[in-house]
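See below for upload-v7.txt, which holds compact mmCIF, C-alpha atoms and all ligand atoms.
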# COMPACT_ATOMS: atom_id res chain seq x y z
CA MET A 1 29.30 26.83 14.25
CA ASN A 2 30.42 25.31 10.96
CA HIS A 3 27.68 25.61 8.27
CA ASP A 4 29.68 23.75 5.63
CA ASN A 5 27.52 20.68 4.88
CA SER A 6 30.47 18.86 3.36
CA ILE A 7 31.84 18.12 6.85
CA HIS A 8 29.13 15.47 7.30
CA LYS A 9 30.11 11.94 6.34
CA LEU A 10 27.02 9.77 6.56
CA SER A 11 26.63 6.01 6.43
CA ASP A 12 26.51 4.23 3.07
CA VAL A 13 22.91 3.22 3.78
CA ALA A 14 21.92 6.84 4.44
CA ASN A 15 23.72 8.09 1.35
CA LYS A 16 22.08 5.53 -0.93
CA LEU A 17 18.56 5.86 0.50
CA SER A 18 16.09 7.23 -2.04
CA SER A 19 13.28 9.62 -1.09
CA LEU A 20 9.63 8.65 -1.03
CA SER A 21 8.67 8.14 -4.65
CA ILE A 22 6.10 10.90 -4.96
CA SER A 23 7.92 13.70 -3.15
CA ASN A 24 8.98 15.40 -6.43
CA ILE A 25 5.38 15.63 -7.58
CA ALA A 26 4.33 17.00 -4.16
CA ALA A 27 6.90 19.79 -4.55
CA LYS A 28 5.44 20.76 -7.97
CA ILE A 29 1.90 20.82 -6.56
CA ASN A 30 2.98 23.03 -3.66
CA GLU A 31 4.71 25.41 -6.05
CA ARG A 32 1.52 25.76 -8.14
CA ARG A 33 -0.66 26.18 -5.08
CA SER A 34 1.63 28.85 -3.67
CA LYS A 35 0.80 30.86 -6.83
CA GLY A 36 -2.87 30.64 -5.85
CA GLU A 37 -3.83 27.98 -8.44
CA LYS A 38 -6.47 25.35 -7.66
CA ILE A 39 -4.91 21.94 -8.01
CA PHE A 40 -6.86 18.68 -7.63
CA ASN A 41 -4.38 16.48 -5.85
CA LEU A 42 -4.97 12.87 -6.87
CA THR A 43 -1.44 11.85 -5.92
CA ILE A 44 -1.45 11.02 -2.24
CA GLY A 45 -2.28 7.77 -0.48
CA ASP A 46 -3.83 9.55 2.46
CA PHE A 47 -7.28 10.72 3.57
CA ASP A 48 -8.59 14.18 4.19
CA PRO A 49 -10.26 13.77 7.62
CA VAL A 50 -13.00 16.21 6.53
CA HIS A 51 -14.18 13.69 3.92
CA PHE A 52 -12.96 10.49 5.57
CA PRO A 53 -12.72 10.82 9.38
CA ILE A 54 -11.62 7.96 11.62
CA PRO A 55 -14.45 6.01 13.32
CA LEU A 56 -16.07 8.26 15.93
CA ILE A 57 -15.99 5.52 18.57
CA LEU A 58 -12.26 5.11 18.03
CA GLU A 59 -11.73 8.85 18.42
CA GLU A 60 -13.75 8.87 21.67
CA GLU A 61 -11.91 5.84 23.06
CA ILE A 62 -8.52 7.46 22.35
CA ILE A 63 -9.55 10.61 24.27
CA THR A 64 -10.95 8.51 27.13
CA ALA A 65 -7.73 6.47 27.30
CA TYR A 66 -5.60 9.63 27.61
CA LYS A 67 -7.93 10.96 30.30
CA SER A 68 -7.67 7.61 32.09
CA LYS A 69 -3.87 8.13 32.17
CA TYR A 70 -2.74 5.23 30.04
CA THR A 71 0.50 7.11 29.54
CA ASN A 72 3.32 4.88 30.74
CA TYR A 73 5.18 2.22 28.73
CA PRO A 74 2.93 -0.42 27.16
CA VAL A 75 3.96 -4.09 27.00
CA VAL A 76 6.58 -4.57 24.28
CA GLY A 77 4.98 -6.00 21.13
CA GLY A 78 1.48 -4.95 22.18
CA MET A 79 -0.81 -4.92 25.21
CA PRO A 80 -2.39 -8.35 25.77
CA GLU A 81 -5.94 -7.04 25.23
CA LEU A 82 -4.88 -5.49 21.89
CA LEU A 83 -3.26 -8.72 20.70
CA GLU A 84 -6.49 -10.57 21.63
CA SER A 85 -8.60 -8.02 19.74
CA VAL A 86 -6.39 -8.17 16.64
CA SER A 87 -6.52 -11.98 16.74
CA ALA A 88 -10.35 -11.90 16.86
CA HIS A 89 -10.56 -9.15 14.19
CA ILE A 90 -8.45 -10.95 11.59
CA LYS A 91 -10.32 -14.18 12.30
CA TYR A 92 -13.76 -12.58 11.99
CA PHE A 93 -13.09 -10.63 8.80
CA GLY A 94 -10.58 -12.87 7.03
CA GLY A 95 -10.56 -16.34 8.59
CA PHE A 96 -6.96 -15.86 9.77
CA ASP A 97 -6.16 -18.24 12.65
CA TYR A 98 -3.41 -16.59 14.71
CA ASN A 99 -3.09 -16.46 18.51
CA PRO A 100 -1.56 -13.50 20.41
CA ASN A 101 1.91 -15.15 20.42
CA GLU A 102 1.87 -15.00 16.65
CA ILE A 103 0.97 -11.28 16.54
CA ILE A 104 3.04 -8.14 17.14
CA THR A 105 1.78 -4.56 17.13
CA GLY A 106 3.72 -1.37 16.43
CA SER A 107 3.33 2.26 15.39
CA GLY A 108 1.96 1.48 11.94
CA SER A 109 2.84 -0.99 9.25
CA ARG A 110 6.07 0.80 8.22
CA PRO A 111 8.14 0.12 11.37
CA LEU A 112 6.84 -3.46 11.40
CA THR A 113 7.87 -3.88 7.77
CA TYR A 114 11.33 -2.56 8.55
CA ILE A 115 11.63 -4.85 11.58
CA LEU A 116 10.42 -7.77 9.47
CA PHE A 117 13.14 -7.11 6.86
CA LYS A 118 15.71 -6.69 9.63
CA THR A 119 14.62 -9.98 11.22
CA LEU A 120 14.75 -12.06 8.04
CA ILE A 121 17.24 -10.49 5.66
CA ASN A 122 21.04 -10.40 5.65
CA LYS A 123 23.11 -7.87 3.74
CA GLY A 124 23.26 -9.00 0.09
CA ASP A 125 20.21 -11.30 0.31
CA LYS A 126 17.83 -11.09 -2.62
CA VAL A 127 14.30 -9.77 -2.30
CA ILE A 128 11.70 -10.19 -5.07
CA ASN A 129 9.61 -7.08 -5.47
CA VAL A 130 6.69 -7.22 -7.87
CA VAL A 131 6.30 -3.75 -9.39
CA PRO A 132 4.54 -1.40 -9.68
CA SER A 133 4.54 -1.38 -5.90
CA TRP A 134 4.59 0.88 -2.92
CA ASN A 135 7.91 1.68 -1.17
CA ASN A 136 9.23 -1.86 -0.58
CA TYR A 137 12.43 -0.86 -2.36
CA ASN A 138 13.30 1.44 0.52
CA TYR A 139 13.25 -1.46 3.00
CA VAL A 140 15.53 -3.38 0.65
CA GLN A 141 17.90 -0.41 0.78
CA LEU A 142 17.69 -0.13 4.57
CA VAL A 143 18.85 -3.73 5.09
CA GLU A 144 21.37 -3.56 2.22
CA ALA A 145 19.69 -6.36 0.32
CA GLU A 146 19.50 -6.75 -3.46
CA GLU A 147 16.24 -6.25 -5.27
CA ILE A 148 14.97 -8.53 -8.00
CA THR A 149 12.07 -6.75 -9.67
CA PHE A 150 9.39 -8.19 -11.83
CA GLU A 151 7.06 -5.82 -13.67
CA ALA A 152 3.51 -7.13 -13.66
CA LYS A 153 1.40 -6.52 -16.75
CA PRO A 154 -1.76 -4.45 -17.20
CA GLU A 155 -3.55 -7.40 -18.82
CA ASN A 156 -3.03 -9.26 -15.50
CA ASN A 157 -4.27 -6.26 -13.50
CA PHE A 158 -0.64 -5.53 -12.50
CA MET A 159 -0.51 -8.78 -10.51
CA VAL A 160 2.18 -11.35 -11.17
CA THR A 161 1.11 -14.77 -12.48
CA PRO A 162 2.42 -18.17 -11.23
CA GLU A 163 4.16 -18.78 -14.59
CA GLU A 164 5.93 -15.42 -14.42
CA ILE A 165 7.14 -15.73 -10.85
CA LYS A 166 8.23 -19.39 -10.94
CA PRO A 167 11.69 -18.83 -12.52
CA LEU A 168 12.61 -16.22 -9.89
CA LEU A 169 11.73 -18.13 -6.72
CA GLY A 170 14.99 -20.09 -6.49
CA PHE A 171 17.12 -16.98 -6.04
CA ALA A 172 15.48 -15.07 -3.23
CA SER A 173 15.19 -14.98 0.56
CA LEU A 174 12.03 -12.91 0.59
CA ILE A 175 9.19 -12.15 -1.80
CA THR A 176 6.79 -9.26 -1.32
CA PHE A 177 3.07 -9.16 -2.11
CA ASN A 178 0.49 -6.43 -1.67
CA SER A 179 -3.20 -6.96 -2.39
CA PRO A 180 -5.30 -4.87 -2.84
CA SER A 181 -2.40 -3.09 -4.44
CA ASN A 182 -0.95 0.32 -4.06
CA PRO A 183 -0.70 1.74 -6.77
CA ALA A 184 -2.95 -0.41 -8.97
CA GLY A 185 -6.06 -0.80 -6.78
CA THR A 186 -6.29 -4.41 -7.99
CA THR A 187 -6.26 -7.78 -6.20
CA TYR A 188 -4.96 -11.33 -6.57
CA SER A 189 -7.53 -13.90 -7.66
CA SER A 190 -8.12 -17.03 -5.61
CA GLU A 191 -6.66 -19.24 -8.34
CA ASN A 192 -3.44 -17.26 -8.74
CA THR A 193 -3.01 -16.95 -4.97
CA LYS A 194 -3.30 -20.70 -4.59
CA ASP A 195 -0.96 -21.50 -7.48
CA ILE A 196 1.70 -18.93 -6.50
CA PHE A 197 1.81 -20.02 -2.87
CA ASN A 198 1.88 -23.70 -3.82
CA LEU A 199 4.99 -22.92 -5.90
CA ILE A 200 6.60 -21.25 -2.87
CA VAL A 201 5.72 -24.24 -0.67
CA GLU A 202 7.34 -26.57 -3.23
CA GLU A 203 10.44 -24.36 -3.36
CA ASN A 204 10.64 -24.47 0.44
CA LYS A 205 10.28 -28.25 0.61
CA ARG A 206 13.47 -28.44 -1.46
CA ARG A 207 15.24 -25.88 0.70
CA ILE A 208 14.23 -27.46 4.02
CA ALA A 209 15.39 -30.89 2.78
CA GLU A 210 18.81 -29.32 2.17
CA ASP A 211 18.72 -27.39 5.46
CA ASN A 212 18.69 -24.07 3.60
CA LYS A 213 16.94 -20.85 4.54
CA PRO A 214 13.34 -20.87 3.29
CA LEU A 215 11.86 -18.31 0.96
CA TYR A 216 9.79 -16.07 3.23
CA VAL A 217 6.74 -14.13 2.10
CA PHE A 218 5.99 -10.59 3.21
CA TYR A 219 2.32 -9.97 2.47
CA ASP A 220 1.23 -6.35 2.91
CA ILE A 221 -2.53 -6.40 3.48
CA VAL A 222 -3.07 -2.82 4.63
CA TYR A 223 -6.02 -2.40 2.20
CA TRP A 224 -7.58 -5.85 2.65
CA LEU A 225 -10.94 -4.66 4.02
CA LEU A 226 -11.35 -2.11 1.22
CA THR A 227 -12.64 -4.25 -1.66
CA TYR A 228 -15.55 -3.49 -3.97
CA GLY A 229 -18.38 -5.37 -5.66
CA ASN A 230 -17.68 -9.06 -6.11
CA THR A 231 -13.98 -8.66 -5.34
CA LYS A 232 -12.95 -10.31 -2.08
CA PHE A 233 -9.54 -10.38 -0.42
CA ILE A 234 -8.17 -13.92 -0.68
CA ASN A 235 -6.52 -15.26 2.48
CA PRO A 236 -3.49 -17.20 1.16
CA VAL A 237 -3.45 -19.50 4.18
CA GLU A 238 -7.02 -20.58 3.42
CA VAL A 239 -6.20 -21.55 -0.18
CA CYS A 240 -2.70 -22.90 0.61
CA PRO A 241 -2.48 -23.93 4.31
CA GLU A 242 1.19 -25.02 4.07
CA ILE A 243 2.31 -21.44 3.36
CA LYS A 244 1.58 -20.57 7.01
CA ASP A 245 5.12 -21.55 8.09
CA TYR A 246 6.70 -18.98 5.77
CA ILE A 247 4.30 -16.04 5.46
CA ILE A 248 4.19 -12.84 7.53
CA PHE A 249 1.31 -10.43 7.06
CA VAL A 250 1.53 -6.72 7.82
CA ASP A 251 -1.64 -4.70 8.43
CA GLY A 252 -2.89 -1.79 10.52
CA ILE A 253 -5.52 0.87 11.01
CA SER A 254 -3.95 3.46 8.65
CA LYS A 255 -5.84 2.60 5.51
CA CYS A 256 -8.89 0.50 6.42
CA PHE A 257 -9.93 2.97 9.14
CA ALA A 258 -8.58 6.18 7.52
CA ALA A 259 -6.26 6.54 10.53
CA THR A 260 -2.89 7.24 8.90
CA GLY A 261 -1.94 9.74 11.61
CA VAL A 262 -3.04 7.64 14.58
CA ARG A 263 -0.19 5.12 14.12
CA LEU A 264 -1.05 1.56 14.97
CA GLY A 265 -0.28 -1.54 12.95
CA TRP A 266 0.19 -5.24 13.45
CA ALA A 267 2.03 -8.14 11.88
CA PHE A 268 1.28 -11.85 12.21
CA GLY A 269 3.13 -14.97 11.22
CA PRO A 270 5.15 -17.91 12.59
CA GLU A 271 5.76 -17.52 16.33
CA PRO A 272 9.61 -17.69 16.20
CA VAL A 273 9.71 -14.86 13.65
CA ILE A 274 7.22 -12.75 15.60
CA ALA A 275 9.06 -13.40 18.90
CA LYS A 276 12.29 -12.06 17.38
CA MET A 277 10.45 -9.06 15.95
CA LYS A 278 9.17 -8.32 19.49
CA GLN A 279 12.73 -8.41 20.77
CA MET A 280 13.79 -6.03 18.04
CA ILE A 281 10.96 -3.53 18.52
CA ALA A 282 11.94 -3.29 22.19
CA HIS A 283 15.21 -1.66 21.13
CA ILE A 284 13.72 0.52 18.44
CA GLY A 285 10.80 1.68 20.61
CA ALA A 286 8.44 1.80 17.63
CA TRP A 287 5.39 0.75 19.60
CA SER A 288 2.06 2.46 19.24
CA PRO A 289 1.14 4.94 22.01
CA LYS A 290 -0.58 3.15 24.89
CA PRO A 291 -3.86 5.15 24.68
CA GLU A 292 -4.15 4.22 20.98
CA GLN A 293 -3.56 0.57 21.88
CA VAL A 294 -6.31 0.62 24.51
CA ALA A 295 -8.71 2.42 22.15
CA VAL A 296 -8.06 0.25 19.08
CA SER A 297 -8.45 -2.84 21.23
CA LYS A 298 -11.92 -1.70 22.31
CA PHE A 299 -12.93 -0.55 18.82
CA LEU A 300 -11.93 -3.78 17.07
CA LYS A 301 -13.99 -5.81 19.56
CA ASP A 302 -17.12 -4.01 18.42
CA THR A 303 -17.55 -5.84 15.12
CA ALA A 304 -20.95 -4.22 14.45
CA GLU A 305 -19.35 -0.75 14.62
CA VAL A 306 -16.41 -1.87 12.47
CA GLU A 307 -18.82 -3.21 9.85
CA LYS A 308 -20.96 -0.07 9.95
CA TYR A 309 -17.91 2.16 9.53
CA LEU A 310 -16.50 0.10 6.65
CA LYS A 311 -19.81 0.14 4.78
CA GLY A 312 -19.94 3.96 4.69
CA PHE A 313 -16.22 4.39 4.11
CA LYS A 314 -16.09 1.92 1.24
CA SER A 315 -19.11 3.34 -0.51
CA GLY A 316 -17.56 6.84 -0.31
CA LEU A 317 -14.34 5.59 -1.90
CA PHE A 318 -16.09 3.43 -4.49
CA ASP A 319 -18.40 6.24 -5.67
CA ARG A 320 -15.36 8.41 -6.38
CA LEU A 321 -13.35 5.66 -8.09
CA ASP A 322 -16.30 4.52 -10.17
CA LEU A 323 -17.06 8.04 -11.39
CA LEU A 324 -13.47 8.43 -12.53
CA TYR A 325 -13.46 4.97 -14.12
CA LYS A 326 -16.63 5.72 -16.09
CA THR A 327 -15.20 9.06 -17.22
CA ILE A 328 -12.03 7.44 -18.55
CA MET A 329 -14.15 4.88 -20.41
CA GLN A 330 -16.22 7.70 -21.94
CA ILE A 331 -13.02 9.42 -23.11
CA LYS A 332 -11.81 6.07 -24.50
CA ALA A 333 -15.06 5.80 -26.48
CA THR A 334 -14.14 9.04 -28.29
CA GLY A 335 -11.16 7.23 -29.83
CA ILE A 336 -8.36 8.49 -27.58
CA ASP A 337 -5.96 5.78 -26.33
CA VAL A 338 -6.86 5.86 -22.65
CA ASP A 339 -7.99 3.00 -20.44
CA ALA A 340 -8.65 2.06 -16.83
CA ILE A 341 -9.06 -1.05 -14.70
CA SER A 342 -12.41 -1.08 -12.92
CA PRO A 343 -12.00 -0.42 -9.19
CA GLN A 344 -11.34 -3.59 -7.17
CA GLY A 345 -9.85 -2.31 -3.93
CA ALA A 346 -7.99 0.36 -1.93
CA LEU A 347 -8.33 4.06 -2.84
CA TYR A 348 -6.62 3.85 -6.19
CA LEU A 349 -7.51 3.59 -9.86
CA SER A 350 -5.08 2.42 -12.56
CA VAL A 351 -5.44 4.66 -15.59
CA LYS A 352 -3.65 4.46 -18.94
CA LEU A 353 -3.18 7.82 -20.63
CA ASN A 354 -1.44 7.39 -23.95
CA LEU A 355 -1.52 10.99 -25.12
CA ILE A 356 1.83 10.79 -26.85
CA GLY A 357 1.73 12.31 -30.33
CA TYR A 358 -0.95 14.87 -29.47
CA LYS A 359 -0.83 18.65 -29.36
CA THR A 360 -2.40 20.15 -26.21
CA PRO A 361 -4.95 23.02 -26.25
CA ALA A 362 -2.08 25.29 -25.13
CA GLY A 363 -0.10 24.23 -28.20
CA LYS A 364 2.45 21.94 -26.52
CA THR A 365 3.52 18.66 -28.08
CA ILE A 366 3.22 15.58 -25.84
CA SER A 367 6.14 13.23 -26.38
CA SER A 368 6.84 11.61 -22.98
CA VAL A 369 5.29 10.40 -19.73
CA ALA A 370 6.52 13.60 -18.07
CA ASP A 371 4.71 15.64 -20.77
CA ILE A 372 1.46 13.78 -20.01
CA THR A 373 1.82 14.46 -16.27
CA ASN A 374 2.63 18.13 -16.92
CA PHE A 375 -0.22 18.52 -19.40
CA LEU A 376 -2.77 17.40 -16.82
CA LEU A 377 -1.21 19.55 -14.13
CA ASP A 378 -0.67 22.67 -16.25
CA GLU A 379 -3.80 22.64 -18.38
CA ALA A 380 -6.36 20.97 -16.10
CA GLY A 381 -4.95 21.46 -12.59
CA ILE A 382 -5.05 17.68 -12.03
CA ALA A 383 -2.09 15.95 -10.37
CA VAL A 384 -1.58 12.20 -10.90
CA VAL A 385 1.40 9.87 -10.37
CA PRO A 386 2.98 7.90 -13.22
CA PHE A 387 3.63 4.23 -12.45
CA PHE A 388 7.37 4.71 -12.90
CA ALA A 389 7.28 6.35 -9.45
CA PHE A 390 6.32 2.87 -8.21
CA GLY A 391 9.18 1.05 -9.90
CA ALA A 392 7.53 0.45 -13.30
CA ASN A 393 9.33 1.03 -16.60
CA PRO A 394 9.91 4.80 -17.16
CA ASP A 395 7.92 4.53 -20.41
CA SER A 396 4.85 3.01 -18.74
CA LEU A 397 1.79 5.00 -19.76
CA TRP A 398 -0.14 3.96 -16.65
CA PHE A 399 -0.88 6.35 -13.80
CA ARG A 400 -2.23 6.10 -10.25
CA ILE A 401 -5.26 8.15 -9.34
CA SER A 402 -5.93 8.36 -5.60
CA VAL A 403 -9.22 9.67 -4.22
CA GLY A 404 -8.62 9.92 -0.45
CA VAL A 405 -8.38 13.69 -0.22
CA CYS A 406 -11.22 14.57 -2.64
CA SER A 407 -14.87 15.28 -2.02
CA LEU A 408 -17.35 13.77 -4.45
CA ASP A 409 -17.85 17.26 -5.89
CA ASP A 410 -14.08 17.55 -6.43
CA VAL A 411 -14.17 14.27 -8.34
CA ARG A 412 -17.11 15.49 -10.45
CA GLU A 413 -15.07 18.60 -11.27
CA VAL A 414 -12.00 16.49 -12.13
CA CYS A 415 -14.13 14.36 -14.48
CA LYS A 416 -15.44 17.46 -16.25
CA LEU A 417 -11.93 18.90 -16.60
CA MET A 418 -10.54 15.60 -17.92
CA LYS A 419 -13.22 15.46 -20.60
CA LYS A 420 -12.66 19.11 -21.48
CA VAL A 421 -8.86 18.96 -21.87
CA THR A 422 -8.85 15.67 -23.73
CA SER A 423 -11.49 16.93 -26.15
CA GLY A 424 -9.18 19.85 -26.94
CA ILE A 425 -6.13 17.79 -27.94
CA THR A 426 -5.30 17.16 -31.60
CA HIS A 427 -3.29 14.37 -33.18
CA LEU A 428 -0.07 15.56 -34.77
C1 LIG B 1 0.91 -0.84 0.59
C2 LIG B 1 1.20 0.05 1.76
N1 LIG B 1 1.74 -0.48 2.87
C3 LIG B 1 2.00 0.29 3.94
C4 LIG B 1 1.73 1.64 3.96
C5 LIG B 1 2.05 2.45 5.20
O1 LIG B 1 1.16 2.17 6.22
P1 LIG B 1 1.34 2.76 7.69
O2 LIG B 1 0.70 4.11 7.71
O3 LIG B 1 0.57 1.78 8.55
O4 LIG B 1 2.77 2.80 8.06
C6 LIG B 1 1.20 2.23 2.81
C7 LIG B 1 0.99 3.68 2.77
O5 LIG B 1 0.70 4.30 1.78
C8 LIG B 1 0.91 1.41 1.70
O6 LIG B 1 0.36 1.92 0.59
Here is a file; write its structure as structure tokens.
Ligand SMILES: Cc1ncc(COP(=O)(O)O)c(C=O)c1O
Amino acid sequence: MNHDNSIHKLSDVANKLSSLSISNIAAKINERRSKGEKIFNLTIGDFDPVHFPIPLILEEEIITAYKSKYTNYPVVGGMPELLESVSAHIKYFGGFDYNPNEIITGSGSRPLTYILFKTLINKGDKVINVVPSWNNYNYVQLVEAEEITFEAKPENNFMVTPEEIKPLLGFASLITFNSPSNPAGTTYSSENTKDIFNLIVEENKRRIAEDNKPLYVFYDIVYWLLTYGNTKFINPVEVCPEIKDYIIFVDGISKCFAATGVRLGWAFGPEPVIAKMKQMIAHIGAWSPKPEQVAVSKFLKDTAEVEKYLKGFKSGLFDRLDLLYKTIMQIKATGIDVDAISPQGALYLSVKLNLIGYKTPAGKTISSVADITNFLLDEAGIAVVPFFAFGANPDSLWFRISVGVCSLDDVREVCKLMKKVTSGITHL
């Protein structure tokens, strides 16, 4: 056997593909933990099932479905009863009006996102990606498209405004949205949603008149049921009905039901696009396991159980986020240049930590974003992700804090540690 790795000549796409944005930080955390250190990991967009289990009824239905031998191939694109349940679920919770022919299911939102890109995008097409954002760049790479990025501003809650996006619309084949956002934990307002989608409709009227390809919208709504206080997810089709011809939503059980390892997602949009996605998924085989399909179909039908689950789940997440938010505001009140955006949705908090120009209690000088990240990790055992890992400017002083793997006691401990280490820093 030849162990010389240089014999392998991979595809251009494989060679250019970048890793998941936070894998470097994960490696550092593992290294510290292997030395026996306690690290509070606020970096991952996942849930610890001890603190946030999946709905019990869903778990029971999955086991029952395996025992009932639902173990052969499911219908490509989703079993009819699942498509019916998804259709009723999105209607009940969000007012989305989509019939089963306009819905496809798969093994999570990722394969559906890839299939969506593959269905709509040619090599070299331009895709607008509002950053900071989750991994959309990787799908751009996989289909060999070109990315146009726009960095949204903290004063707009890291959401793009109609005025900002307008000049870019003419160039692209696809534009991506995600609300509530990973990493920012913020949402689009009703007014901005309406104005942005009206601009896209206007752009498409011009394109259709000239028989050109429309500008499609990929709207990732995987956190849409996780909103807090007065914040509500805004259904773009309700505030701008004409966008329905061009918009494809991707959603699933991963985030809203803490079921990242169960693997079931769905996408919905114009029937011709969805029909082609069904054809494509048949070749890729990225459907959800049949027992999961049967179980999710039954669970979603039980709206009272879904509501009960969401109430407890959301209050658990909100309590953690709010505690962290209040702590950052208390530190800000001491005169240090930190800030946070109050929690609106998802499991994330946007936190600004401008500690540049300070000396740490251990005597180190902080002069970069990496120094800030290392200071928290080395001197407080707290791991956070800088926004540059989500496509923001490398100098951005904003960080994502994620609470899905922490108990409330862990968060209380993190808050204490944050106050302690920041009270020990001195201005140079
Ligand atoms: C915005 C966003 N979309 C999609 C996903 C992936 O979802 P899934 O587990 O359904 O593939 C994530 C995961 O972190 C995410 O943050």
**OP:** List all protein, DNA and RNA residues that have any atom at most 7 Å from ligand LIG 1 (chain B), counting all atoms listed in the file, and write the list as a list in words.
**Re:** Gly45, Asp46, Gly108, Ser109, Arg110, Pro111, Trp134, Asn178, Ser181, Asn182, Asp220, Val222, Asp251, Gly252, Ile253, Ser254, Thr260, Arg263, Leu264 and Gly265 of chain A
**OP:** Identify, on the basis of all atoms listed in the file, every residue whose closest approach to stretch 76-88 of chain A does not exceed 7 Å; exclude the query and any residue fewer than 2 positions from it along the same chain; express the result as JSON, numbers by chain.
**Re:** {"A": [74, 90, 91, 92, 98, 99, 100, 103, 104, 105, 106, 278, 281, 282, 287, 293, 294, 297, 300, 301]}
Write a file of the selected residues as an mmCIF file, in the coordinates of the input, keeping C-alpha atoms.
data_model
loop_
_atom_site.group_PDB
_atom_site.id
_atom_site.type_symbol
_atom_site.label_atom_id
_atom_site.label_comp_id
_atom_site.auth_asym_id
_atom_site.auth_seq_id
_atom_site.Cartn_x
_atom_site.Cartn_y
_atom_site.Cartn_z
ATOM 1 C CA PRO A 74 2.930 -0.420 27.160
ATOM 2 C CA ILE A 90 -8.450 -10.950 11.590
ATOM 3 C CA LYS A 91 -10.320 -14.180 12.300
ATOM 4 C CA TYR A 92 -13.760 -12.580 11.990
ATOM 5 C CA TYR A 98 -3.410 -16.590 14.710
ATOM 6 C CA ASN A 99 -3.090 -16.460 18.510
ATOM 7 C CA PRO A 100 -1.560 -13.500 20.410
ATOM 8 C CA ILE A 103 0.970 -11.280 16.540
ATOM 9 C CA ILE A 104 3.040 -8.140 17.140
ATOM 10 C CA THR A 105 1.780 -4.560 17.130
ATOM 11 C CA GLY A 106 3.720 -1.370 16.430
ATOM 12 C CA LYS A 278 9.170 -8.320 19.490
ATOM 13 C CA ILE A 281 10.960 -3.530 18.520
ATOM 14 C CA ALA A 282 11.940 -3.290 22.190
ATOM 15 C CA TRP A 287 5.390 0.750 19.600
ATOM 16 C CA GLN A 293 -3.560 0.570 21.880
ATOM 17 C CA VAL A 294 -6.310 0.620 24.510
ATOM 18 C CA SER A 297 -8.450 -2.840 21.230
ATOM 19 C CA LEU A 300 -11.930 -3.780 17.070
ATOM 20 C CA LYS A 301 -13.990 -5.810 19.560
#
Original post:
Which of these, A:Ile175, A:Ile372, A:Val296, A:Leu17, has the shortest distance to A:Leu56 once you count only C-alpha atoms?
Top reply: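 Distance minimum relative to A:Leu56 lands on A:Val296.
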Original post:
Quick one, how far is atom CA of A:Ser11 from atom CA of A:Lys123?
Top reply: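 Atom-to-atom, atom CA of A:Ser11 and atom CA of A:Lys123 are spaced 14.6 Å apart.
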Subject >> Surrounding residues of A:Ala346 excluding itself and chain neighbours under 4 positions, 6 Å, only C-alpha atoms, as a list of chain:residue names >> reply: A:Pro180, A:Gly185, A:Tyr223, A:Leu226
Could you write stretch 326-334 of chain A as a PDB file, keeping the file's coordinate frame, with N, CA, C and O atoms rebuilt where they are missing?
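Okay, selection-v3.pdb is ready:
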ATOM      1  N   LYS A 326     -15.645   5.539 -15.010  1.00  0.00           N
ATOM      2  CA  LYS A 326     -16.630   5.720 -16.090  1.00  0.00           C
ATOM      3  C   LYS A 326     -16.214   6.878 -17.002  1.00  0.00           C
ATOM      4  O   LYS A 326     -16.392   6.814 -18.226  1.00  0.00           O
ATOM      5  N   THR A 327     -15.646   7.917 -16.412  1.00  0.00           N
ATOM      6  CA  THR A 327     -15.200   9.060 -17.220  1.00  0.00           C
ATOM      7  C   THR A 327     -14.089   8.647 -18.181  1.00  0.00           C
ATOM      8  O   THR A 327     -14.099   9.008 -19.364  1.00  0.00           O
ATOM      9  N   ILE A 328     -13.135   7.886 -17.678  1.00  0.00           N
ATOM     10  CA  ILE A 328     -12.030   7.440 -18.550  1.00  0.00           C
ATOM     11  C   ILE A 328     -12.598   6.580 -19.679  1.00  0.00           C
ATOM     12  O   ILE A 328     -12.181   6.701 -20.840  1.00  0.00           O
ATOM     13  N   MET A 329     -13.579   5.732 -19.359  1.00  0.00           N
ATOM     14  CA  MET A 329     -14.150   4.880 -20.410  1.00  0.00           C
ATOM     15  C   MET A 329     -14.913   5.723 -21.447  1.00  0.00           C
ATOM     16  O   MET A 329     -14.915   5.399 -22.636  1.00  0.00           O
ATOM     17  N   GLN A 330     -15.538   6.814 -20.979  1.00  0.00           N
ATOM     18  CA  GLN A 330     -16.220   7.700 -21.940  1.00  0.00           C
ATOM     19  C   GLN A 330     -15.203   8.381 -22.863  1.00  0.00           C
ATOM     20  O   GLN A 330     -15.423   8.507 -24.061  1.00  0.00           O
ATOM     21  N   ILE A 331     -14.066   8.788 -22.283  1.00  0.00           N
ATOM     22  CA  ILE A 331     -13.020   9.420 -23.110  1.00  0.00           C
ATOM     23  C   ILE A 331     -12.467   8.379 -24.104  1.00  0.00           C
ATOM     24  O   ILE A 331     -12.250   8.676 -25.284  1.00  0.00           O
ATOM     25  N   LYS A 332     -12.299   7.152 -23.623  1.00  0.00           N
ATOM     26  CA  LYS A 332     -11.810   6.070 -24.500  1.00  0.00           C
ATOM     27  C   LYS A 332     -12.768   5.898 -25.698  1.00  0.00           C
ATOM     28  O   LYS A 332     -12.329   5.710 -26.837  1.00  0.00           O
ATOM     29  N   ALA A 333     -14.061   5.989 -25.414  1.00  0.00           N
ATOM     30  CA  ALA A 333     -15.060   5.800 -26.480  1.00  0.00           C
ATOM     31  C   ALA A 333     -14.964   6.878 -27.564  1.00  0.00           C
ATOM     32  O   ALA A 333     -15.461   6.692 -28.671  1.00  0.00           O
ATOM     33  N   THR A 334     -14.294   8.000 -27.254  1.00  0.00           N
ATOM     34  CA  THR A 334     -14.140   9.040 -28.290  1.00  0.00           C
ATOM     35  C   THR A 334     -12.965   8.731 -29.220  1.00  0.00           C
ATOM     36  O   THR A 334     -12.671   9.490 -30.138  1.00  0.00           O
TER      37      THR A 334
END
